[in-house]
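Participant: Input structure: query-v6.txt, which contains compact mmCIF, N, CA and C atoms.
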```txt
# COMPACT_ATOMS: atom_id res chain seq x y z
N PRO I 19 119.98 81.17 87.09
CA PRO I 19 120.99 80.18 86.78
C PRO I 19 122.09 80.80 85.93
N ALA I 20 123.14 81.23 86.58
CA ALA I 20 124.26 81.83 85.86
C ALA I 20 125.17 80.73 85.32
N LYS I 21 125.71 80.94 84.14
CA LYS I 21 126.60 79.99 83.52
C LYS I 21 128.00 80.18 84.10
N SER I 22 128.76 79.12 84.11
CA SER I 22 130.13 79.23 84.59
C SER I 22 131.08 78.87 83.46
N VAL I 23 132.15 79.61 83.41
CA VAL I 23 133.17 79.39 82.38
C VAL I 23 134.43 78.91 83.08
N ALA I 24 134.93 77.78 82.66
CA ALA I 24 136.14 77.24 83.27
C ALA I 24 137.36 77.85 82.60
N ALA I 25 138.21 78.46 83.41
CA ALA I 25 139.44 79.05 82.89
C ALA I 25 140.52 77.97 82.85
N PRO I 26 141.46 78.11 81.95
CA PRO I 26 142.52 77.10 81.91
C PRO I 26 143.35 77.12 83.19
N ALA I 27 143.66 75.92 83.66
CA ALA I 27 144.42 75.82 84.91
C ALA I 27 145.90 76.00 84.60
N ALA I 28 146.37 77.21 84.70
CA ALA I 28 147.77 77.50 84.41
C ALA I 28 148.42 78.03 85.68
N SER I 29 149.69 77.77 85.83
CA SER I 29 150.37 78.20 87.04
C SER I 29 150.76 79.67 86.98
N GLY I 30 150.99 80.19 85.79
CA GLY I 30 151.38 81.58 85.68
C GLY I 30 150.40 82.32 84.77
N GLY I 31 150.73 83.54 84.45
CA GLY I 31 149.89 84.30 83.55
C GLY I 31 148.81 85.07 84.27
N LYS I 32 147.77 85.42 83.53
CA LYS I 32 146.74 86.26 84.13
C LYS I 32 145.67 85.47 84.86
N TYR I 33 145.66 84.15 84.76
CA TYR I 33 144.67 83.34 85.47
C TYR I 33 145.20 83.00 86.85
N LYS I 34 144.36 83.23 87.82
CA LYS I 34 144.75 82.94 89.20
C LYS I 34 144.07 81.64 89.63
N ALA I 35 144.65 80.99 90.60
CA ALA I 35 144.16 79.69 91.03
C ALA I 35 142.80 79.80 91.70
N ASP I 36 142.57 80.86 92.50
CA ASP I 36 141.30 80.98 93.21
C ASP I 36 140.17 81.45 92.30
N ALA I 37 140.47 82.04 91.16
CA ALA I 37 139.45 82.50 90.22
C ALA I 37 139.36 81.53 89.04
N ALA I 38 139.41 80.23 89.35
CA ALA I 38 139.39 79.23 88.28
C ALA I 38 138.04 79.23 87.58
N GLN I 39 136.96 79.47 88.32
CA GLN I 39 135.63 79.53 87.69
C GLN I 39 135.07 80.92 87.89
N LYS I 40 134.83 81.58 86.77
CA LYS I 40 134.27 82.93 86.82
C LYS I 40 132.80 82.84 86.46
N ARG I 41 131.96 83.47 87.28
CA ARG I 41 130.52 83.44 87.06
C ARG I 41 130.14 84.49 86.04
N ILE I 42 129.39 84.09 85.01
CA ILE I 42 128.89 85.04 84.03
C ILE I 42 127.63 85.66 84.61
N GLN I 43 127.60 86.99 84.63
CA GLN I 43 126.48 87.70 85.24
C GLN I 43 125.80 88.54 84.18
N SER I 44 124.48 88.48 84.13
CA SER I 44 123.76 89.26 83.12
C SER I 44 123.78 90.73 83.49
N ARG I 45 123.51 91.56 82.49
CA ARG I 45 123.49 93.00 82.77
C ARG I 45 122.31 93.37 83.66
N SER I 46 121.24 92.59 83.58
CA SER I 46 120.10 92.84 84.46
C SER I 46 120.45 92.59 85.92
N SER I 47 121.16 91.48 86.16
CA SER I 47 121.53 91.20 87.54
C SER I 47 122.60 92.16 88.05
N LYS I 48 123.47 92.63 87.16
CA LYS I 48 124.45 93.64 87.57
C LYS I 48 123.77 94.94 87.98
N ALA I 49 122.70 95.29 87.27
CA ALA I 49 121.97 96.52 87.57
C ALA I 49 120.93 96.31 88.67
N GLY I 50 120.69 95.06 89.06
CA GLY I 50 119.70 94.79 90.09
C GLY I 50 118.28 94.93 89.57
N LEU I 51 118.06 94.54 88.32
CA LEU I 51 116.75 94.69 87.69
C LEU I 51 116.17 93.32 87.33
N GLN I 52 114.86 93.30 87.15
CA GLN I 52 114.18 92.10 86.67
C GLN I 52 113.99 92.16 85.15
N PHE I 53 113.88 93.36 84.61
CA PHE I 53 113.67 93.52 83.17
C PHE I 53 114.97 93.23 82.42
N PRO I 54 114.88 92.62 81.23
CA PRO I 54 116.08 92.23 80.49
C PRO I 54 116.76 93.42 79.82
N VAL I 55 117.94 93.77 80.34
CA VAL I 55 118.68 94.91 79.81
C VAL I 55 119.19 94.61 78.40
N GLY I 56 119.64 93.40 78.16
CA GLY I 56 120.15 93.03 76.84
C GLY I 56 119.09 93.12 75.77
N ARG I 57 117.89 92.64 76.08
CA ARG I 57 116.80 92.69 75.11
C ARG I 57 116.37 94.13 74.84
N VAL I 58 116.30 94.95 75.90
CA VAL I 58 115.96 96.36 75.73
C VAL I 58 116.99 97.05 74.86
N HIS I 59 118.28 96.72 75.07
CA HIS I 59 119.34 97.32 74.27
C HIS I 59 119.20 96.92 72.81
N ARG I 60 118.88 95.66 72.56
CA ARG I 60 118.69 95.19 71.19
C ARG I 60 117.51 95.92 70.53
N TYR I 61 116.41 96.08 71.25
CA TYR I 61 115.25 96.79 70.70
C TYR I 61 115.56 98.26 70.45
N LEU I 62 116.32 98.88 71.35
CA LEU I 62 116.69 100.28 71.15
C LEU I 62 117.54 100.44 69.90
N LYS I 63 118.48 99.53 69.71
CA LYS I 63 119.34 99.61 68.51
C LYS I 63 118.53 99.35 67.25
N ARG I 64 117.56 98.47 67.32
CA ARG I 64 116.78 98.12 66.14
C ARG I 64 115.83 99.24 65.74
N HIS I 65 115.29 99.95 66.70
CA HIS I 65 114.24 100.93 66.40
C HIS I 65 114.73 102.37 66.39
N THR I 66 116.04 102.58 66.35
CA THR I 66 116.57 103.93 66.16
C THR I 66 117.20 104.01 64.77
N LYS I 67 117.58 105.21 64.41
CA LYS I 67 118.20 105.38 63.10
C LYS I 67 119.51 104.61 63.05
N SER I 68 119.88 104.15 61.88
CA SER I 68 121.04 103.27 61.77
C SER I 68 122.35 103.96 62.14
N ALA I 69 122.42 105.27 61.97
CA ALA I 69 123.65 105.98 62.27
C ALA I 69 123.75 106.36 63.75
N THR I 70 122.68 106.17 64.51
CA THR I 70 122.67 106.59 65.90
C THR I 70 123.25 105.50 66.79
N ARG I 71 124.17 105.88 67.64
CA ARG I 71 124.75 104.94 68.58
C ARG I 71 123.90 104.89 69.85
N VAL I 72 123.66 103.70 70.35
CA VAL I 72 122.91 103.53 71.59
C VAL I 72 123.89 103.04 72.65
N GLY I 73 124.10 103.83 73.66
CA GLY I 73 125.05 103.47 74.71
C GLY I 73 124.50 102.38 75.62
N ALA I 74 125.39 101.76 76.37
CA ALA I 74 124.99 100.67 77.26
C ALA I 74 124.14 101.18 78.42
N LYS I 75 124.45 102.39 78.89
CA LYS I 75 123.69 102.93 80.02
C LYS I 75 122.26 103.29 79.63
N ALA I 76 122.04 103.58 78.36
CA ALA I 76 120.68 103.90 77.90
C ALA I 76 119.76 102.71 78.08
N ALA I 77 120.26 101.52 77.81
CA ALA I 77 119.45 100.31 77.97
C ALA I 77 119.14 100.05 79.43
N VAL I 78 120.13 100.26 80.30
CA VAL I 78 119.91 100.05 81.73
C VAL I 78 118.88 101.03 82.26
N TYR I 79 119.00 102.28 81.87
CA TYR I 79 118.07 103.32 82.32
C TYR I 79 116.65 103.04 81.83
N THR I 80 116.53 102.68 80.55
CA THR I 80 115.22 102.39 79.98
C THR I 80 114.58 101.18 80.65
N ALA I 81 115.36 100.14 80.89
CA ALA I 81 114.83 98.95 81.56
C ALA I 81 114.39 99.28 82.98
N ALA I 82 115.13 100.14 83.66
CA ALA I 82 114.76 100.54 85.03
C ALA I 82 113.46 101.33 85.04
N VAL I 83 113.30 102.23 84.06
CA VAL I 83 112.07 103.02 83.98
C VAL I 83 110.87 102.12 83.68
N LEU I 84 111.05 101.19 82.74
CA LEU I 84 109.98 100.26 82.40
C LEU I 84 109.60 99.40 83.61
N GLU I 85 110.60 98.92 84.32
CA GLU I 85 110.33 98.09 85.50
C GLU I 85 109.57 98.87 86.56
N TYR I 86 109.95 100.13 86.76
CA TYR I 86 109.25 100.95 87.76
C TYR I 86 107.79 101.17 87.37
N LEU I 87 107.55 101.47 86.08
CA LEU I 87 106.18 101.71 85.64
C LEU I 87 105.31 100.45 85.78
N VAL I 88 105.88 99.31 85.42
CA VAL I 88 105.13 98.06 85.54
C VAL I 88 104.82 97.75 86.99
N ALA I 89 105.80 97.97 87.88
CA ALA I 89 105.58 97.73 89.30
C ALA I 89 104.51 98.64 89.86
N GLU I 90 104.51 99.89 89.41
CA GLU I 90 103.51 100.85 89.88
C GLU I 90 102.10 100.45 89.43
N VAL I 91 101.97 100.09 88.16
CA VAL I 91 100.65 99.71 87.64
C VAL I 91 100.18 98.41 88.30
N LEU I 92 101.09 97.45 88.49
CA LEU I 92 100.70 96.19 89.12
C LEU I 92 100.29 96.39 90.58
N GLU I 93 100.98 97.28 91.28
CA GLU I 93 100.61 97.53 92.67
C GLU I 93 99.22 98.16 92.76
N LEU I 94 98.97 99.17 91.94
CA LEU I 94 97.67 99.85 91.99
C LEU I 94 96.54 98.94 91.53
N SER I 95 96.78 98.16 90.48
CA SER I 95 95.72 97.28 90.00
C SER I 95 95.52 96.11 90.96
N GLY I 96 96.56 95.67 91.64
CA GLY I 96 96.39 94.65 92.68
C GLY I 96 95.55 95.16 93.84
N ASN I 97 95.76 96.42 94.21
CA ASN I 97 94.93 97.03 95.26
C ASN I 97 93.48 97.12 94.81
N ALA I 98 93.26 97.47 93.54
CA ALA I 98 91.89 97.56 93.03
C ALA I 98 91.24 96.18 93.01
N ALA I 99 91.99 95.15 92.66
CA ALA I 99 91.44 93.79 92.64
C ALA I 99 91.10 93.34 94.06
N ARG I 100 91.95 93.69 95.01
CA ARG I 100 91.68 93.30 96.40
C ARG I 100 90.47 94.04 96.95
N ASP I 101 90.30 95.30 96.55
CA ASP I 101 89.13 96.06 97.00
C ASP I 101 87.84 95.45 96.47
N LEU I 102 87.90 94.87 95.27
CA LEU I 102 86.71 94.23 94.68
C LEU I 102 86.64 92.75 95.01
N LYS I 103 87.44 92.31 95.99
CA LYS I 103 87.45 90.94 96.50
C LYS I 103 87.72 89.91 95.40
N SER I 104 88.73 90.21 94.59
CA SER I 104 89.14 89.31 93.53
C SER I 104 90.62 88.97 93.71
N LYS I 105 90.99 87.74 93.37
CA LYS I 105 92.39 87.33 93.51
C LYS I 105 93.15 87.48 92.20
N ARG I 106 92.44 87.83 91.14
CA ARG I 106 93.05 87.91 89.81
C ARG I 106 92.86 89.32 89.26
N ILE I 107 93.92 89.86 88.65
CA ILE I 107 93.85 91.20 88.06
C ILE I 107 93.23 91.09 86.68
N SER I 108 92.16 91.83 86.46
CA SER I 108 91.45 91.83 85.18
C SER I 108 91.68 93.18 84.49
N PRO I 109 91.28 93.31 83.22
CA PRO I 109 91.39 94.62 82.56
C PRO I 109 90.61 95.72 83.29
N ARG I 110 89.53 95.36 83.95
CA ARG I 110 88.76 96.33 84.72
C ARG I 110 89.60 96.90 85.86
N HIS I 111 90.37 96.05 86.52
CA HIS I 111 91.22 96.51 87.61
C HIS I 111 92.34 97.40 87.09
N LEU I 112 92.88 97.06 85.92
CA LEU I 112 93.90 97.93 85.30
C LEU I 112 93.32 99.29 84.97
N GLN I 113 92.10 99.29 84.42
CA GLN I 113 91.44 100.56 84.07
C GLN I 113 91.21 101.42 85.31
N LEU I 114 90.70 100.81 86.38
CA LEU I 114 90.44 101.56 87.61
C LEU I 114 91.74 102.10 88.21
N ALA I 115 92.81 101.32 88.12
CA ALA I 115 94.08 101.75 88.70
C ALA I 115 94.69 102.89 87.90
N ILE I 116 94.69 102.77 86.58
CA ILE I 116 95.33 103.79 85.74
C ILE I 116 94.54 105.09 85.76
N ARG I 117 93.22 104.99 85.63
CA ARG I 117 92.40 106.21 85.61
C ARG I 117 92.27 106.83 86.98
N GLY I 118 92.52 106.07 88.04
CA GLY I 118 92.45 106.62 89.39
C GLY I 118 93.70 107.39 89.79
N ASP I 119 94.80 107.16 89.08
CA ASP I 119 96.05 107.85 89.37
C ASP I 119 96.24 108.97 88.35
N ASP I 120 96.50 110.18 88.83
CA ASP I 120 96.59 111.34 87.94
C ASP I 120 97.75 111.23 86.96
N GLU I 121 98.92 110.84 87.44
CA GLU I 121 100.10 110.80 86.57
C GLU I 121 100.01 109.67 85.55
N LEU I 122 99.52 108.50 85.98
CA LEU I 122 99.37 107.39 85.03
C LEU I 122 98.28 107.70 84.01
N ASP I 123 97.26 108.43 84.44
CA ASP I 123 96.18 108.79 83.51
C ASP I 123 96.71 109.70 82.40
N LEU I 124 97.64 110.61 82.76
CA LEU I 124 98.25 111.46 81.74
C LEU I 124 99.16 110.65 80.81
N LEU I 125 99.81 109.64 81.34
CA LEU I 125 100.77 108.86 80.57
C LEU I 125 100.08 107.89 79.62
N VAL I 126 99.07 107.18 80.11
CA VAL I 126 98.40 106.15 79.31
C VAL I 126 97.16 106.76 78.68
N LYS I 127 97.22 106.98 77.38
CA LYS I 127 96.09 107.56 76.67
C LYS I 127 95.30 106.51 75.90
N ALA I 128 95.74 105.26 75.97
CA ALA I 128 95.12 104.20 75.19
C ALA I 128 93.81 103.75 75.83
N THR I 129 92.96 103.15 75.00
CA THR I 129 91.74 102.53 75.48
C THR I 129 92.07 101.11 75.92
N ILE I 130 91.67 100.75 77.11
CA ILE I 130 91.94 99.41 77.63
C ILE I 130 90.74 98.53 77.29
N ALA I 131 90.99 97.49 76.49
CA ALA I 131 89.90 96.61 76.05
C ALA I 131 89.34 95.86 77.26
N GLY I 132 88.03 95.94 77.42
CA GLY I 132 87.38 95.26 78.53
C GLY I 132 87.51 95.99 79.85
N GLY I 133 87.94 97.25 79.79
CA GLY I 133 88.16 97.99 81.03
C GLY I 133 86.93 98.69 81.57
N GLY I 134 85.94 98.89 80.71
CA GLY I 134 84.74 99.59 81.17
C GLY I 134 84.98 101.08 81.31
N VAL I 135 84.09 101.72 82.06
CA VAL I 135 84.19 103.17 82.27
C VAL I 135 84.37 103.45 83.75
N ILE I 136 84.85 104.64 84.04
CA ILE I 136 85.03 105.06 85.42
C ILE I 136 83.69 105.56 85.96
N PRO I 137 83.27 105.09 87.12
CA PRO I 137 81.99 105.56 87.66
C PRO I 137 82.03 107.04 88.01
N HIS I 138 81.11 107.80 87.44
CA HIS I 138 81.06 109.24 87.69
C HIS I 138 79.63 109.72 87.50
N ILE I 139 79.12 110.46 88.48
CA ILE I 139 77.80 111.09 88.38
C ILE I 139 78.02 112.58 88.56
N HIS I 140 77.50 113.37 87.62
CA HIS I 140 77.68 114.81 87.67
C HIS I 140 77.05 115.37 88.94
N LYS I 141 77.70 116.39 89.53
CA LYS I 141 77.25 116.89 90.84
C LYS I 141 75.88 117.53 90.77
N GLN I 142 75.50 118.09 89.62
CA GLN I 142 74.18 118.71 89.52
C GLN I 142 73.07 117.66 89.50
N LEU I 143 73.40 116.48 89.11
CA LEU I 143 72.39 115.41 89.12
C LEU I 143 72.17 114.85 90.52
N LEU I 144 73.10 115.11 91.41
CA LEU I 144 72.99 114.58 92.77
C LEU I 144 72.19 115.50 93.69
N GLU I 145 71.96 116.77 93.30
CA GLU I 145 71.24 117.71 94.15
C GLU I 145 69.79 117.25 94.27
N LYS I 146 69.32 117.18 95.52
CA LYS I 146 67.96 116.74 95.77
C LYS I 146 67.10 117.93 96.13
N GLY I 147 66.18 118.33 95.27
CA GLY I 147 65.15 119.32 95.54
C GLY I 147 65.61 120.59 96.23
N SER I 148 66.77 121.12 95.85
CA SER I 148 67.21 122.36 96.49
C SER I 148 66.35 123.53 96.02
N LYS I 149 65.81 123.43 94.78
CA LYS I 149 64.93 124.47 94.27
C LYS I 149 63.48 124.00 94.43
N LYS I 150 62.62 124.87 94.95
CA LYS I 150 61.21 124.54 95.09
C LYS I 150 60.44 125.14 93.94
N SER I 151 59.65 124.30 93.28
CA SER I 151 58.85 124.80 92.16
C SER I 151 57.45 125.18 92.67
N SER I 152 56.97 126.38 92.33
CA SER I 152 55.64 126.82 92.77
C SER I 152 54.83 127.35 91.64
```
Once you've parsed the file, please lay out its structure as C-alpha cells.
Facilitator:
Amino acid sequence: PAKSVAAPAASGGKYKADAAQKRIQSRSSKAGLQFPVGRVHRYLKRHTKSATRVGAKAAVYTAAVLEYLVAEVLELSGNAARDLKSKRISPRHLQLAIRGDDELDLLVKATIAGGGVIPHIHKQLLEKGSKKSS
C-alpha cells in the first residue's frame, strides 16, 4: 500500500497536470526486495562508529544479502521438512538444512536450540566381521 501525495493543481511551474498524484515508493520496492532497506540503513547507522558515513547503497546491498541468505535457509529447511513429512519448519529442520550445506555450515557457527544432532556413524563401526579372530 503505497501512499499518494497530492500536488497542488497549478497551471504553470514545475507541476504537470498528468503527474498530479505522485506515488511514494519505498526503497525496498525500488530495489525489488522484501527486506526493509530503510530499517537496515537505520541499524547500520546506529551500530557503526559515529564519524563513519553509511551510504544508501550499503543498506540496499546488505538487505539484498540478508534476503538471499534467508531465502536459501528457508528453501533448504522446507525441503528437510517435506522429506520428514511435516508441513511446519521446526528447529530440527533448520539444523538439518544448515549442517547439510557446506557453505552455510561454515557461516553459521551458533548452536540451534532444539536442533538435535546430525546423524553420523563412524565408518569403522559399520564394518561387519572383516577380521576373523582365531
Participant: Please report the interatomic distance between atom C of Gly132 (chain I) and CA of Ser104 (chain I) in Å with one decimal.
Facilitator: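 Between atom C of Gly132 (chain I) and CA of Ser104 (chain I) the gap works out to 15.3 Å.
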Participant: So how many Å separate CA of Leu62 (chain I) and CA of Thr80 (chain I), to one decimal?
Facilitator: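 Here the two named atoms are 9.2 Å from each other.
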Participant: I need the residues of region 19-136 of chain I that end up classed as alpha helix (DSSP H) by DSSP on the backbone, written out as an NGL selection string.
Facilitator: :I and (45-49 or 55-64 or 74-101 or 109-118 or 120-125)
Participant: Excluding Asp123 (chain I) and residues on its chain fewer than 4 positions from it, collect all residues at most 12 Å away from it, counting only C-alpha atoms, and give them as a CSV table (one decimal) with N, CA and C atoms, in the coordinates of the input.
Facilitator:
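So the final result, stored in out-v9.csv, reads:
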```csv
chain,number,residue,atom,x,y,z
I,91,VAL,N,102.0,100.1,88.2
I,91,VAL,CA,100.6,99.7,87.6
I,91,VAL,C,100.2,98.4,88.3
I,112,LEU,N,92.9,97.1,85.9
I,112,LEU,CA,93.9,97.9,85.3
I,112,LEU,C,93.3,99.3,85.0
I,113,GLN,N,92.1,99.3,84.4
I,113,GLN,CA,91.4,100.6,84.1
I,113,GLN,C,91.2,101.4,85.3
I,114,LEU,N,90.7,100.8,86.4
I,114,LEU,CA,90.4,101.6,87.6
I,114,LEU,C,91.7,102.1,88.2
I,115,ALA,N,92.8,101.3,88.1
I,115,ALA,CA,94.1,101.8,88.7
I,115,ALA,C,94.7,102.9,87.9
I,116,ILE,N,94.7,102.8,86.6
I,116,ILE,CA,95.3,103.8,85.7
I,116,ILE,C,94.5,105.1,85.8
I,117,ARG,N,93.2,105.0,85.6
I,117,ARG,CA,92.4,106.2,85.6
I,117,ARG,C,92.3,106.8,87.0
I,118,GLY,N,92.5,106.1,88.0
I,118,GLY,CA,92.4,106.6,89.4
I,118,GLY,C,93.7,107.4,89.8
I,119,ASP,N,94.8,107.2,89.1
I,119,ASP,CA,96.0,107.8,89.4
I,119,ASP,C,96.2,109.0,88.4
I,127,LYS,N,97.2,107.0,77.4
I,127,LYS,CA,96.1,107.6,76.7
I,127,LYS,C,95.3,106.5,75.9
I,128,ALA,N,95.7,105.3,76.0
I,128,ALA,CA,95.1,104.2,75.2
I,128,ALA,C,93.8,103.8,75.8
I,129,THR,N,93.0,103.2,75.0
I,129,THR,CA,91.7,102.5,75.5
I,129,THR,C,92.1,101.1,75.9
I,130,ILE,N,91.7,100.8,77.1
I,130,ILE,CA,91.9,99.4,77.6
I,130,ILE,C,90.7,98.5,77.3
I,136,ILE,N,84.8,104.6,84.0
I,136,ILE,CA,85.0,105.1,85.4
I,136,ILE,C,83.7,105.6,86.0
```
Participant: One decimal, in Å: what's the spacing between atom C of Glu93 (chain I) and atom N of Ser108 (chain I)?
Facilitator: 11.4 Å
